[in-house]
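Asker: What follows is query15.csv, made up of CSV, C-alpha atoms:
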chain,number,residue,atom,x,y,z
A,1,VAL,CA,13.0,24.0,-33.2
A,2,ASN,CA,14.7,22.8,-30.1
A,3,ASN,CA,12.9,19.6,-29.0
A,4,SER,CA,14.3,17.9,-26.0
A,5,VAL,CA,14.3,14.1,-26.0
A,6,GLY,CA,14.3,11.7,-23.0
A,7,GLN,CA,15.3,8.0,-23.4
A,8,TYR,CA,14.3,5.3,-21.0
A,9,LYS,CA,15.3,1.6,-21.0
A,10,ARG,CA,14.4,-1.4,-18.8
A,11,THR,CA,14.6,-5.2,-18.9
A,12,PHE,CA,12.0,-7.7,-17.7
A,13,THR,CA,11.1,-11.3,-17.9
A,14,VAL,CA,7.6,-12.5,-18.8
A,15,PRO,CA,6.2,-15.0,-16.2
A,16,SER,CA,5.8,-18.5,-17.6
A,17,ASP,CA,2.1,-18.7,-16.6
A,18,TRP,CA,1.4,-15.9,-19.1
A,19,ASP,CA,1.8,-18.4,-22.0
A,20,GLY,CA,-1.2,-18.3,-24.3
A,21,ARG,CA,-2.2,-14.8,-23.2
A,22,ASP,CA,-2.0,-11.4,-24.9
A,23,VAL,CA,0.6,-9.1,-23.2
A,24,PHE,CA,0.0,-5.4,-23.1
A,25,VAL,CA,2.1,-2.5,-21.9
A,26,SER,CA,0.2,0.5,-20.6
A,27,PHE,CA,1.5,4.1,-20.2
A,28,GLU,CA,-1.0,6.2,-18.1
A,29,GLY,CA,0.8,9.5,-18.6
A,30,VAL,CA,3.7,10.6,-20.9
A,31,GLU,CA,4.3,14.3,-21.9
A,32,SER,CA,4.0,14.9,-24.8
A,33,ALA,CA,4.7,12.1,-27.2
A,34,PHE,CA,6.8,8.9,-27.4
A,35,TYR,CA,8.0,6.0,-29.5
A,36,LEU,CA,7.9,2.5,-27.9
A,37,TYR,CA,10.5,-0.2,-28.8
A,38,VAL,CA,10.5,-3.8,-27.5
A,39,ASN,CA,13.6,-5.9,-28.1
A,40,GLY,CA,14.9,-3.3,-30.6
A,41,GLN,CA,11.7,-3.3,-32.7
A,42,ARG,CA,9.5,-0.2,-33.0
A,43,VAL,CA,6.1,-1.1,-31.7
A,44,GLY,CA,4.2,2.2,-32.0
A,45,TYR,CA,3.8,5.9,-31.2
A,46,GLY,CA,1.7,7.7,-28.6
A,47,GLU,CA,0.4,11.2,-28.1
A,48,ASP,CA,-2.3,12.6,-25.7
A,49,SER,CA,-0.3,13.0,-22.5
A,50,TYR,CA,-3.0,12.4,-19.9
A,51,THR,CA,-4.9,9.4,-21.3
A,52,THR,CA,-3.6,5.8,-21.3
A,53,ASP,CA,-1.7,4.5,-24.3
A,54,GLU,CA,-1.8,0.7,-24.5
A,55,PHE,CA,0.1,-1.5,-26.9
A,56,ASN,CA,-0.2,-5.2,-27.6
A,57,ILE,CA,3.4,-6.4,-27.5
A,58,THR,CA,2.8,-10.2,-27.5
A,59,SER,CA,4.4,-10.7,-30.9
A,60,TYR,CA,7.5,-8.8,-29.9
A,61,LEU,CA,8.3,-10.9,-26.8
A,62,LYS,CA,10.7,-13.8,-26.4
A,63,LYS,CA,11.5,-16.3,-23.8
A,64,GLY,CA,13.7,-15.1,-21.0
A,65,GLU,CA,14.9,-11.5,-20.7
A,66,ASN,CA,13.2,-8.8,-22.8
A,67,THR,CA,14.1,-5.1,-23.3
A,68,ILE,CA,11.7,-2.2,-23.4
A,69,ALA,CA,12.8,1.3,-24.5
A,70,VAL,CA,10.9,4.6,-24.7
A,71,GLU,CA,11.9,7.8,-26.5
A,72,VAL,CA,9.9,10.8,-25.2
A,73,TYR,CA,9.6,14.1,-27.0
A,74,ARG,CA,9.0,17.3,-25.2
A,75,TRP,CA,7.0,18.9,-28.0
A,76,SER,CA,4.7,17.2,-30.6
A,77,THR,CA,1.7,18.1,-32.7
A,78,GLY,CA,-0.4,17.3,-29.6
A,79,SER,CA,1.2,20.2,-27.8
A,80,TYR,CA,-1.1,22.6,-29.7
A,81,LEU,CA,-4.1,20.8,-28.1
A,82,GLU,CA,-2.4,20.6,-24.7
A,83,ASN,CA,-1.9,24.3,-24.2
A,84,GLN,CA,-2.8,24.1,-20.5
A,85,ASP,CA,-2.1,27.0,-18.2
A,86,PHE,CA,0.6,25.4,-15.9
A,87,ILE,CA,4.3,24.9,-15.7
A,88,ARG,CA,5.5,22.8,-18.6
A,89,MET,CA,7.3,19.6,-17.7
A,90,SER,CA,8.0,16.5,-19.8
A,91,GLY,CA,8.6,12.8,-19.4
A,92,ILE,CA,6.9,9.7,-18.0
A,93,PHE,CA,4.9,10.9,-15.0
A,94,ARG,CA,2.3,8.2,-14.4
A,95,ASP,CA,2.3,4.4,-14.0
A,96,VAL,CA,3.7,2.0,-16.6
A,97,TYR,CA,2.9,-1.7,-16.3
A,98,LEU,CA,2.5,-5.0,-18.1
A,99,LEU,CA,-0.9,-6.6,-18.3
A,100,ALA,CA,-1.7,-10.2,-19.4
A,101,ARG,CA,-5.2,-10.8,-20.8
A,102,PRO,CA,-6.8,-13.9,-22.4
A,103,GLU,CA,-6.8,-14.0,-26.1
A,104,LYS,CA,-10.6,-14.5,-26.1
A,105,GLY,CA,-12.5,-12.5,-23.5
A,106,ILE,CA,-13.6,-9.1,-22.5
A,107,ARG,CA,-11.7,-6.2,-24.1
A,108,ASP,CA,-13.6,-3.4,-22.5
A,109,TYR,CA,-16.9,-2.7,-20.7
A,110,PHE,CA,-19.1,0.3,-19.8
A,111,VAL,CA,-21.3,0.3,-16.7
A,112,LYS,CA,-24.4,2.5,-16.3
A,113,ALA,CA,-26.1,2.3,-12.9
A,114,ALA,CA,-29.1,4.5,-12.1
A,115,PRO,CA,-32.2,4.4,-10.0
A,116,ASP,CA,-35.6,3.8,-11.4
A,117,ALA,CA,-38.2,6.5,-11.5
A,118,SER,CA,-39.2,5.9,-7.9
A,119,TYR,CA,-35.6,6.2,-6.7
A,120,GLN,CA,-36.1,3.0,-4.7
A,121,ASN,CA,-34.5,0.4,-7.0
A,122,GLY,CA,-31.5,0.3,-9.2
A,123,GLU,CA,-31.0,-0.7,-12.8
A,124,VAL,CA,-27.5,-1.8,-13.9
A,125,SER,CA,-26.6,-2.2,-17.6
A,126,ILE,CA,-23.3,-3.3,-18.9
A,127,ALA,CA,-22.1,-2.9,-22.5
A,128,ILE,CA,-19.2,-5.3,-23.3
A,129,THR,CA,-16.7,-5.2,-26.1
A,130,TRP,CA,-15.0,-8.5,-26.9
A,131,ASN,CA,-11.6,-9.4,-28.1
A,132,ASP,CA,-11.8,-10.2,-31.9
A,133,GLY,CA,-15.6,-9.4,-31.6
A,134,GLU,CA,-16.2,-13.0,-30.4
A,135,PRO,CA,-18.6,-13.1,-27.3
A,136,GLN,CA,-17.9,-15.5,-24.5
A,137,GLU,CA,-20.2,-16.9,-21.9
A,138,GLY,CA,-19.9,-15.6,-18.4
A,139,THR,CA,-21.6,-14.3,-15.3
A,140,ALA,CA,-22.1,-10.9,-13.8
A,141,LYS,CA,-22.6,-10.6,-10.0
A,142,LEU,CA,-23.3,-7.5,-7.9
A,143,PHE,CA,-22.5,-7.5,-4.1
A,144,ASP,CA,-23.5,-4.9,-1.6
A,145,ALA,CA,-21.0,-3.3,0.9
A,146,GLU,CA,-21.6,-6.2,3.3
A,147,ASN,CA,-20.6,-8.6,0.5
A,148,HIS,CA,-24.1,-10.0,0.1
A,149,LEU,CA,-25.1,-11.0,-3.4
A,150,VAL,CA,-27.9,-8.6,-4.6
A,151,ALA,CA,-28.0,-9.3,-8.3
A,152,GLU,CA,-26.7,-11.9,-10.8
A,153,ALA,CA,-27.0,-12.4,-14.5
A,154,ALA,CA,-25.5,-14.8,-17.1
A,155,PHE,CA,-24.3,-13.3,-20.4
A,156,GLY,CA,-23.0,-14.5,-23.7
A,157,GLY,CA,-23.4,-11.3,-25.8
A,158,ASP,CA,-22.7,-7.6,-25.7
A,159,THR,CA,-25.1,-6.5,-23.0
A,160,VAL,CA,-25.9,-7.4,-19.4
A,161,GLN,CA,-28.9,-6.2,-17.4
A,162,MET,CA,-29.4,-6.5,-13.6
A,163,HIS,CA,-32.1,-5.2,-11.2
A,164,VAL,CA,-31.2,-4.1,-7.7
A,165,LYS,CA,-34.1,-4.1,-5.2
A,166,ASP,CA,-34.1,-1.4,-2.5
A,167,ALA,CA,-30.9,0.1,-3.8
A,168,HIS,CA,-28.5,2.2,-1.7
A,169,LEU,CA,-27.9,5.3,-3.9
A,170,TRP,CA,-24.5,7.0,-4.1
A,171,ASN,CA,-24.0,10.6,-3.1
A,172,ALA,CA,-21.0,12.7,-1.8
A,173,GLU,CA,-22.2,12.4,1.8
A,174,GLU,CA,-22.8,8.7,1.6
A,175,PRO,CA,-20.6,7.3,-1.2
A,176,TYR,CA,-22.1,3.8,-1.2
A,177,LEU,CA,-20.5,1.4,-3.7
A,178,TYR,CA,-21.4,-2.0,-4.9
A,179,THR,CA,-18.8,-4.6,-6.0
A,180,LEU,CA,-19.2,-5.8,-9.6
A,181,VAL,CA,-17.7,-9.1,-10.6
A,182,LEU,CA,-17.5,-10.2,-14.2
A,183,GLU,CA,-16.3,-13.8,-14.7
A,184,THR,CA,-15.5,-15.6,-17.9
A,185,ALA,CA,-13.5,-18.8,-18.5
A,186,GLY,CA,-10.3,-16.8,-18.9
A,187,GLU,CA,-10.4,-14.3,-16.1
A,188,VAL,CA,-12.3,-12.5,-13.3
A,189,ILE,CA,-12.7,-8.7,-13.4
A,190,THR,CA,-13.7,-6.8,-10.3
A,191,ASP,CA,-14.9,-3.2,-10.2
A,192,HIS,CA,-17.0,-0.9,-8.0
A,193,VAL,CA,-20.2,0.7,-9.0
A,194,GLY,CA,-22.3,3.6,-7.5
A,195,ILE,CA,-26.0,3.8,-8.4
A,196,ARG,CA,-27.0,7.5,-8.9
A,197,GLU,CA,-28.9,9.8,-11.3
A,198,ILE,CA,-28.0,13.4,-12.0
A,199,HIS,CA,-29.8,16.0,-14.1
A,200,ALA,CA,-30.4,19.8,-14.3
A,201,LYS,CA,-33.8,21.4,-14.4
A,202,ASP,CA,-34.6,25.2,-14.5
A,203,GLY,CA,-31.0,26.0,-13.7
A,204,VAL,CA,-31.0,23.7,-10.6
A,205,LEU,CA,-28.9,20.5,-10.3
A,206,TYR,CA,-30.5,17.4,-8.9
A,207,LEU,CA,-28.9,14.2,-7.7
A,208,ASN,CA,-31.3,11.3,-7.1
A,209,GLY,CA,-34.1,13.7,-7.2
A,210,VAL,CA,-32.6,16.0,-4.5
A,211,LYS,CA,-31.2,19.5,-5.1
A,212,ILE,CA,-27.5,19.7,-4.6
A,213,LYS,CA,-24.8,22.4,-4.7
A,214,PHE,CA,-21.2,22.0,-5.7
A,215,HIS,CA,-18.5,23.2,-3.2
A,216,GLY,CA,-15.7,22.5,-5.6
A,217,THR,CA,-12.1,23.1,-6.5
A,218,ASN,CA,-9.8,22.8,-9.5
A,219,ARG,CA,-7.2,20.1,-9.3
A,220,HIS,CA,-3.8,19.8,-11.0
A,221,ASP,CA,-1.1,17.1,-11.0
A,222,SER,CA,1.4,19.3,-9.2
A,223,ASP,CA,4.0,18.9,-6.5
A,224,PRO,CA,7.1,21.1,-5.7
A,225,VAL,CA,9.3,18.0,-5.4
A,226,THR,CA,7.7,15.3,-7.7
A,227,GLY,CA,6.2,17.6,-10.3
A,228,PHE,CA,3.5,15.9,-12.4
A,229,ALA,CA,4.2,12.5,-10.8
A,230,ILE,CA,1.5,12.2,-8.0
A,231,SER,CA,1.6,9.0,-6.0
A,232,LEU,CA,-1.4,7.3,-4.4
A,233,ALA,CA,-0.3,8.5,-1.0
A,234,GLN,CA,-0.2,12.1,-2.3
A,235,ILE,CA,-3.6,12.1,-3.8
A,236,LYS,CA,-5.1,10.5,-0.7
A,237,LYS,CA,-3.6,13.3,1.5
A,238,ASP,CA,-5.0,16.0,-0.8
A,239,LEU,CA,-8.5,14.4,-0.8
A,240,LYS,CA,-8.5,14.1,3.0
A,241,VAL,CA,-7.8,17.8,3.3
A,242,MET,CA,-10.5,18.6,0.8
A,243,LYS,CA,-13.1,16.5,2.7
A,244,GLU,CA,-12.1,18.2,6.0
A,245,HIS,CA,-12.9,21.6,4.3
A,246,ASN,CA,-16.3,20.5,3.0
A,247,ILE,CA,-15.2,20.3,-0.6
A,248,ASN,CA,-17.5,17.9,-2.5
A,249,ALA,CA,-16.6,18.5,-6.1
A,250,ILE,CA,-13.4,18.3,-8.3
A,251,ARG,CA,-12.8,19.8,-11.7
A,252,THR,CA,-9.9,17.9,-13.3
A,253,SER,CA,-8.4,21.0,-14.9
A,254,HIS,CA,-7.5,20.6,-17.7
A,255,TYR,CA,-7.1,17.0,-18.5
A,256,PRO,CA,-8.2,13.5,-17.3
A,257,ASN,CA,-6.7,12.4,-14.0
A,258,ALA,CA,-4.9,9.2,-13.3
A,259,PRO,CA,-7.2,6.1,-13.3
A,260,TYR,CA,-6.8,5.5,-9.5
A,261,CYS,CA,-8.0,9.0,-8.8
A,262,TYR,CA,-11.5,8.3,-10.0
A,263,GLN,CA,-11.7,5.2,-7.8
A,264,LEU,CA,-10.8,7.3,-4.8
A,265,TYR,CA,-13.3,10.0,-5.8
A,266,ASP,CA,-16.0,7.3,-5.9
A,267,ARG,CA,-15.0,5.8,-2.6
A,268,LEU,CA,-14.5,9.1,-0.7
A,269,GLY,CA,-17.5,11.0,-2.2
A,270,PHE,CA,-16.6,13.6,-4.8
A,271,TYR,CA,-18.7,14.9,-7.7
A,272,VAL,CA,-16.3,15.1,-10.7
A,273,ILE,CA,-16.3,17.4,-13.7
A,274,ASP,CA,-14.0,15.4,-15.9
A,275,GLU,CA,-12.2,17.4,-18.6
A,276,ALA,CA,-10.7,16.2,-21.9
A,277,ASP,CA,-7.0,16.8,-22.7
A,278,ASN,CA,-7.9,19.7,-24.9
A,279,GLU,CA,-7.0,23.2,-23.9
A,280,SER,CA,-6.5,24.7,-27.3
A,281,HIS,CA,-7.9,28.2,-26.9
A,282,GLY,CA,-4.4,29.6,-27.3
A,283,THR,CA,-4.5,28.8,-31.0
A,284,GLU,CA,-7.5,31.1,-31.4
A,285,GLU,CA,-5.0,34.0,-31.9
A,286,ILE,CA,-3.5,32.2,-34.9
A,287,TYR,CA,-6.8,32.1,-36.7
A,288,ALA,CA,-8.6,35.2,-35.4
A,289,ASN,CA,-8.3,37.9,-32.9
A,290,TYR,CA,-11.7,38.4,-31.3
A,291,THR,CA,-12.3,40.9,-28.6
A,292,SER,CA,-14.9,38.9,-26.6
A,293,TRP,CA,-16.0,35.3,-26.1
A,294,GLU,CA,-19.4,36.3,-27.5
A,295,GLU,CA,-17.8,37.3,-30.8
A,296,TYR,CA,-15.6,34.2,-30.7
A,297,ALA,CA,-18.7,32.0,-30.3
A,298,LYS,CA,-20.5,33.6,-33.2
A,299,ASN,CA,-17.6,33.0,-35.5
A,300,TRP,CA,-16.8,29.5,-34.3
A,301,ASN,CA,-17.9,27.7,-37.5
A,302,LYS,CA,-15.6,29.9,-39.5
A,303,LEU,CA,-12.4,28.6,-37.8
Represent the structure from my file as structure tokens, please.
Answerer:
Amino acid sequence: VNNSVGQYKRTFTVPSDWDGRDVFVSFEGVESAFYLYVNGQRVGYGEDSYTTDEFNITSYLKKGENTIAVEVYRWSTGSYLENQDFIRMSGIFRDVYLLARPEKGIRDYFVKAAPDASYQNGEVSIAITWNDGEPQEGTAKLFDAENHLVAEAAFGGDTVQMHVKDAHLWNAEEPYLYTLVLETAGEVITDHVGIREIHAKDGVLYLNGVKIKFHGTNRHDSDPVTGFAISLAQIKKDLKVMKEHNINAIRTSHYPNAPYCYQLYDRLGFYVIDEADNESHGTEEIYANYTSWEEYAKNWNKL
């Protein structure tokens, strides 16, 4: 099978103030698979074109100039899952960057922010994953849009709870965001949080207890000049046009969008149907040839 390969190579110098930190390289979008090399050593392999591949390259680095090389393959085993209905293009199409993190500290976190039953106050819970599973002491602070401190909690474990009195709730017409600050001895992490609750009942969708309707559109990473590579300026322009035409919802057909897209959706006011990078219905013909989706669904467990 003809499988085109692209090769990319760059040099960089690690800042001296990164000593004692773990250094990661992040690839936010590569179609469809790649091998990563640092200073001539193979570090790893990545598939899943539309989600971030991150590698800890600390042990591969040296003082002074370093070399990073990437070998990208047009087709891979992941291509069978990425059978999206669009023009096929390959290569590195989203941001690539180095990231320095403390050896002991927060590895990841998940924020859930929802109103209470009265829709008057907010409850914010944070689940934290730690490097090496070793919790550190720190503080969580929440600031309103005017930069007033509205909630604060100390933590030293895997969860943080905060209560927000008289909360401003997020919706597409008033996309109110709070600023979350997580601080440990090694770093300060800043994020933005919207407090909202969404559910469906009797075929009707409710946001914060109020009936809503989606006026939505599908969205692709697509440009006649830049292809899959969509800059921050390009996405801002698209979203501005959408808001001007009363679009309030986006379906990320058929894969996750770039990380900064979701920050803009939160800030500008868009409901999001976020799809996984799995458009594998094309392989149905390999295993069976059903005449309807109803017949397909009945025989799903046989595939």
Asker: Considering all atoms listed in the file, give me a table of residues in region 181-201 of chain A that are at most 12 Å from region 210-215 of chain A, with the closest atom pair and distance in Å for each, as CSV.
Answerer:
residue,atom,partner,partner_atom,distance
A:Arg196,CA,A:Val210,CA,11.1
A:Glu197,CA,A:Val210,CA,9.9
A:Ile198,CA,A:Val210,CA,9.2
A:His199,CA,A:Lys211,CA,9.8
A:Ala200,CA,A:Lys211,CA,9.2
A:Lys201,CA,A:Lys211,CA,9.8
Asker: If we count all atoms listed in the file and set the cut-off at 8 Å, which residues sit around Met162 (chain A), ignoring sequence neighbours fewer than 4 positions away in its own chain? Please answer as a ChimeraX atom specification.
Answerer: /A:123-125,151-153
Asker: Can you tell me which residues surround Ser280 (chain A) at a distance of at most 9 Å, considering all atoms listed in the file, apart from same-chain residues fewer than 4 positions away, and format the answer as a JSON list (two decimals) with C-alpha atoms, keeping the file's coordinate frame?
Answerer:
[["chain", "number", "residue", "atom", "x", "y", "z"],
["A", 79, "SER", "CA", 1.20, 20.20, -27.80],
["A", 80, "TYR", "CA", -1.10, 22.60, -29.70],
["A", 81, "LEU", "CA", -4.10, 20.80, -28.10],
["A", 82, "GLU", "CA", -2.40, 20.60, -24.70],
["A", 83, "ASN", "CA", -1.90, 24.30, -24.20],
["A", 84, "GLN", "CA", -2.80, 24.10, -20.50],
["A", 284, "GLU", "CA", -7.50, 31.10, -31.40]]
Asker: Can you pull out the residues contacting Thr52 (chain A)? Cut-off 8 Å, using only C-alpha atoms, and skip same-chain residues under 6 positions away; I want them as a list in words.
Answerer: Ser26, Phe27, Glu28 and Gly29 of chain A
Asker: Considering all atoms listed in the file, return as a list in words whatever protein or nucleic-acid residues lie within 10 Å of Trp18 (chain A), sequence-local ones (same chain, fewer than 2 positions apart) excluded.
Answerer: Val14, Pro15, Ser16, Gly20, Arg21, Asp22, Val23, Leu99, Ala100, Arg101 and Pro102 of chain A
Asker: Find the spatial neighbours of Asp238 (chain A), counting all atoms listed in the file, within a cut-off of 12 Å - ignore same-chain residues fewer than 3 positions away - and output them as a PyMOL selection string.
Answerer: chain A and resi 217+219-223+230-235+241-245+247+250+261+264-265+268
Asker: Would you mind reading off the distance between CA of Ile87 (chain A) and CA of Asn257 (chain A), one decimal, in Å?
Answerer: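 Atom-to-atom, CA of Ile87 (chain A) and CA of Asn257 (chain A) are spaced 16.7 Å apart.
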Asker: Please indicate the distance in Å from CA of Leu180 (chain A) to CA of Lys237 (chain A), rounded to one decimal place.
Answerer: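 Between CA of Leu180 (chain A) and CA of Lys237 (chain A) the gap works out to 27.0 Å.
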Asker: To one decimal place in Å, what is the distance between CA of Ile68 (chain A) and CA of Phe93 (chain A)?
Answerer: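 CA of Phe93 (chain A) lies at a distance of 17.0 Å from CA of Ile68 (chain A).
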Asker: Using all atoms listed in the file, pick whichever of A:Thr11, A:Ala140, A:Leu169, A:Phe110 has the shortest atom-to-atom distance to Phe155 (chain A).
Answerer: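 Going through A:Thr11, A:Ala140, A:Leu169, A:Phe110 one by one, the smallest distance to Phe155 (chain A) is for A:Ala140.
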Asker: Restricting the calculation to all atoms listed in the file, which member of A:Gly209, A:Pro256, A:Gly194, A:Gly133 is positioned closest to Ala113 (chain A)?
Answerer: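 Among the listed residues, the smallest separation from Ala113 (chain A) belongs to A:Gly194.
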Asker: Quick one: residues within 7 Å of (-15.4, 10.0, 0.7) (file frame), counting only C-alpha atoms, please, as a list in words.
Answerer: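 All residues meeting the 7 Å criterion around (-15.4, 10.0, 0.7) are Ala172, Pro175, Tyr265, Arg267, Leu268, Gly269 and Phe270 of chain A.
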Asker: Please return as a PyMOL selection string every residue within 8 Å of (-9.8, -0.9, -9.0), taking into account only C-alpha atoms and the file's own coordinates.
Answerer: chain A and resi 190-192+260+263
Asker: Would you mind exporting the chosen residues as a JSON list (two decimals), in the coordinates of the input, restricted to C-alpha atoms?
Answerer:
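Now in result13.json:
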[["chain", "number", "residue", "atom", "x", "y", "z"],
["A", 190, "THR", "CA", -13.70, -6.80, -10.30],
["A", 191, "ASP", "CA", -14.90, -3.20, -10.20],
["A", 192, "HIS", "CA", -17.00, -0.90, -8.00],
["A", 260, "TYR", "CA", -6.80, 5.50, -9.50],
["A", 263, "GLN", "CA", -11.70, 5.20, -7.80]]
Asker: Of the residues A:Ala229, A:Leu36, A:Val150, A:Ile273, which is the one nearest to Gly91 (chain A), using all atoms listed in the file?
Answerer: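 When distances to Gly91 (chain A) are compared using all atoms listed in the file, the smallest one comes from A:Ala229.
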Asker: Given the choices A:Asn121, A:Ala69, A:Asp274, A:Phe24, which gets closest to Ile57 (chain A) if the distance is worked out from all atoms listed in the file?
Answerer: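 With all atoms listed in the file as the atom set, the closest residue is A:Phe24.
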Asker: Of the candidates A:Asp266, A:Asp48, A:Asp166, A:Asp132, which one gets nearest to Gly78 (chain A) if we count only C-alpha atoms?
Answerer: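 The closest residue to Gly78 (chain A) is A:Asp48.
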Asker: Restricting the calculation to only C-alpha atoms, which member of A:Asn131, A:Thr67, A:Ser49, A:Asn171 is positioned closest to Val30 (chain A)?
Answerer: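 Using only C-alpha atoms, the shortest distance to Val30 (chain A) belongs to A:Ser49.
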